[in-house]
Amino acid sequence: DRDYSLTAPPGTFRIVALGDSITYGRGVSRQEGFTSVLERLLDDSNPNRRHEVLNLGVGGYNTIQESEQYRVRGRKYSPDLVLLAYVLNDPFPAATARQFVAPVAARAGTGGGLEPAPWATSWSRLAHLVGSHMHEPRKPEPRDASVQPLVYHHQPKTWNIVTRGMADLAIQTRQDGTPVVVMIVPLWVRFDPYRFEHVHTQVAQEARKHGFAVLDPLRAGAFAGTDGSAYQRAPGDELHPNAEGHRRLATAIHDFLRRRDRDALAGAGKARG
């Protein structure tokens with residue numbers, strides 16, 4: 001596993017990726033996850049500069065928790081860009097990170113109090129494993145993926161999770177002077193026709209309301225001529241992409257950033273170098 005210093009090396013463009021188990025890379029190797037692929041693509045397309053993509057994805061996190069992840073951990077790394085990977089089950093009241101970690105810390109003999117042990121909350125793959133595997137997300141299982149997003153995005157109580165999370169992330173990133181890109185990850189179902197087009201539109205409108213840039217890889221043609229089932233991590237898993245799905249997501253992000261921020265990516269990160 002790779003460790004990152006709080007201060008990026010001179011001439012480095014640093015991205016913090018927020019999200020849930022898709023960002024974390026459930027079902028694929030670390031090198032196959034879209035954050036690792038993106039880092040390599042950026043380095044290859046601009047070999048004169050270094051790029052870092054810090055994966056802060058945690059299985060089961062919703063938008064509020066992802067915003068809190070930035071507050072507690074992400075902003076410490078002074079990123080040049082925040083990438084929020086939005087999945088269509090994000091407006092769901094998932095368990096908190098403390099609920100994920102504390103029982104494991106207690107069983108490990110580190111105490112049964114409310115605060116998890118330092119090893120369990122450090123920036124490490126272990127903390128991600130705790131959240132993504134040892135205590136499985138309380139979001140719906142893949143079998144529910146094709147139905148529940150239609151409900152989540154129309155119920156005020158669950159949609160409020162998204163609006164609150166994005167609003168809080170916008171406040172933080174404005175204070176930091178850090179731009180945000182929201183990538184809308186599709187469900188891996190039939191793409192033609194795709195029954196969740198209106199949900200993507202709803203999410204994109206909310207993100208833009210907060211000043212975020214929006215990337216919708218499906219609409220951008222990243223999966224043109226193919227069907228979503230080809231990218232399922234396992235048959236019937238409509239939430240988690242396989243390695244090829246991650247590669248296409250990474251390519252879409254790379255191309256989007258190169259078009260939108262060519263000058264920034266060609267130079268050093270802000271106030272560095």
# chains A, B, ... in the order shown; residues from 1 in each chain; ligands from 1
$ residues_around --residues "stretch 238-248 of chain A" --least-positions-apart "5" --cutoff "6 Å" --atoms "only C-alpha atoms" --output "list of chain:residue names"
A:Ile22, A:Glu32, A:Gly33, A:Phe34, A:Pro142, A:Leu187, A:Trp188, A:Tyr231, A:Gln232, A:Arg233
$ residues_around --residues "A:Asp227" --least-positions-apart "2" --cutoff "6 Å" --atoms "only C-alpha atoms" --output "list of chain:residue names"
A:Arg190, A:Phe191, A:Ser229, A:Ala230
$ residues_around --residues "A:Thr23" --least-positions-apart "6" --cutoff "8 Å" --atoms "only C-alpha atoms" --output "list in words"
Ala17, Gly33, Phe34, Thr35, Asn55, Leu56, Gly57, Val58 and Ala85 of chain A
$ atom_distance --atom1 "atom CA of A:Phe223" --atom2 "atom CA of A:Leu41"
18.1 Å
$ residues_around --residues "A:Leu81" --least-positions-apart "5" --cutoff "7 Å" --atoms "only C-alpha atoms" --output "PyMOL selection string"
chain A and resi 14-16+178-180
$ select_by_dssp --residues "stretch 25-92 of chain A" --states "helix (DSSP H, G or I)" --output "ChimeraX atom specification"
/A:30-32,34-45,63-72,74-77
$ atom_distance --atom1 "atom CA of A:Arg208" --atom2 "atom CA of A:Ala170"
10.5 Å
$ closest_residue --among "A:Met166, A:Ala213, A:Val82, A:Ala250" --to "A:Leu18" --atoms "only C-alpha atoms"
A:Val82
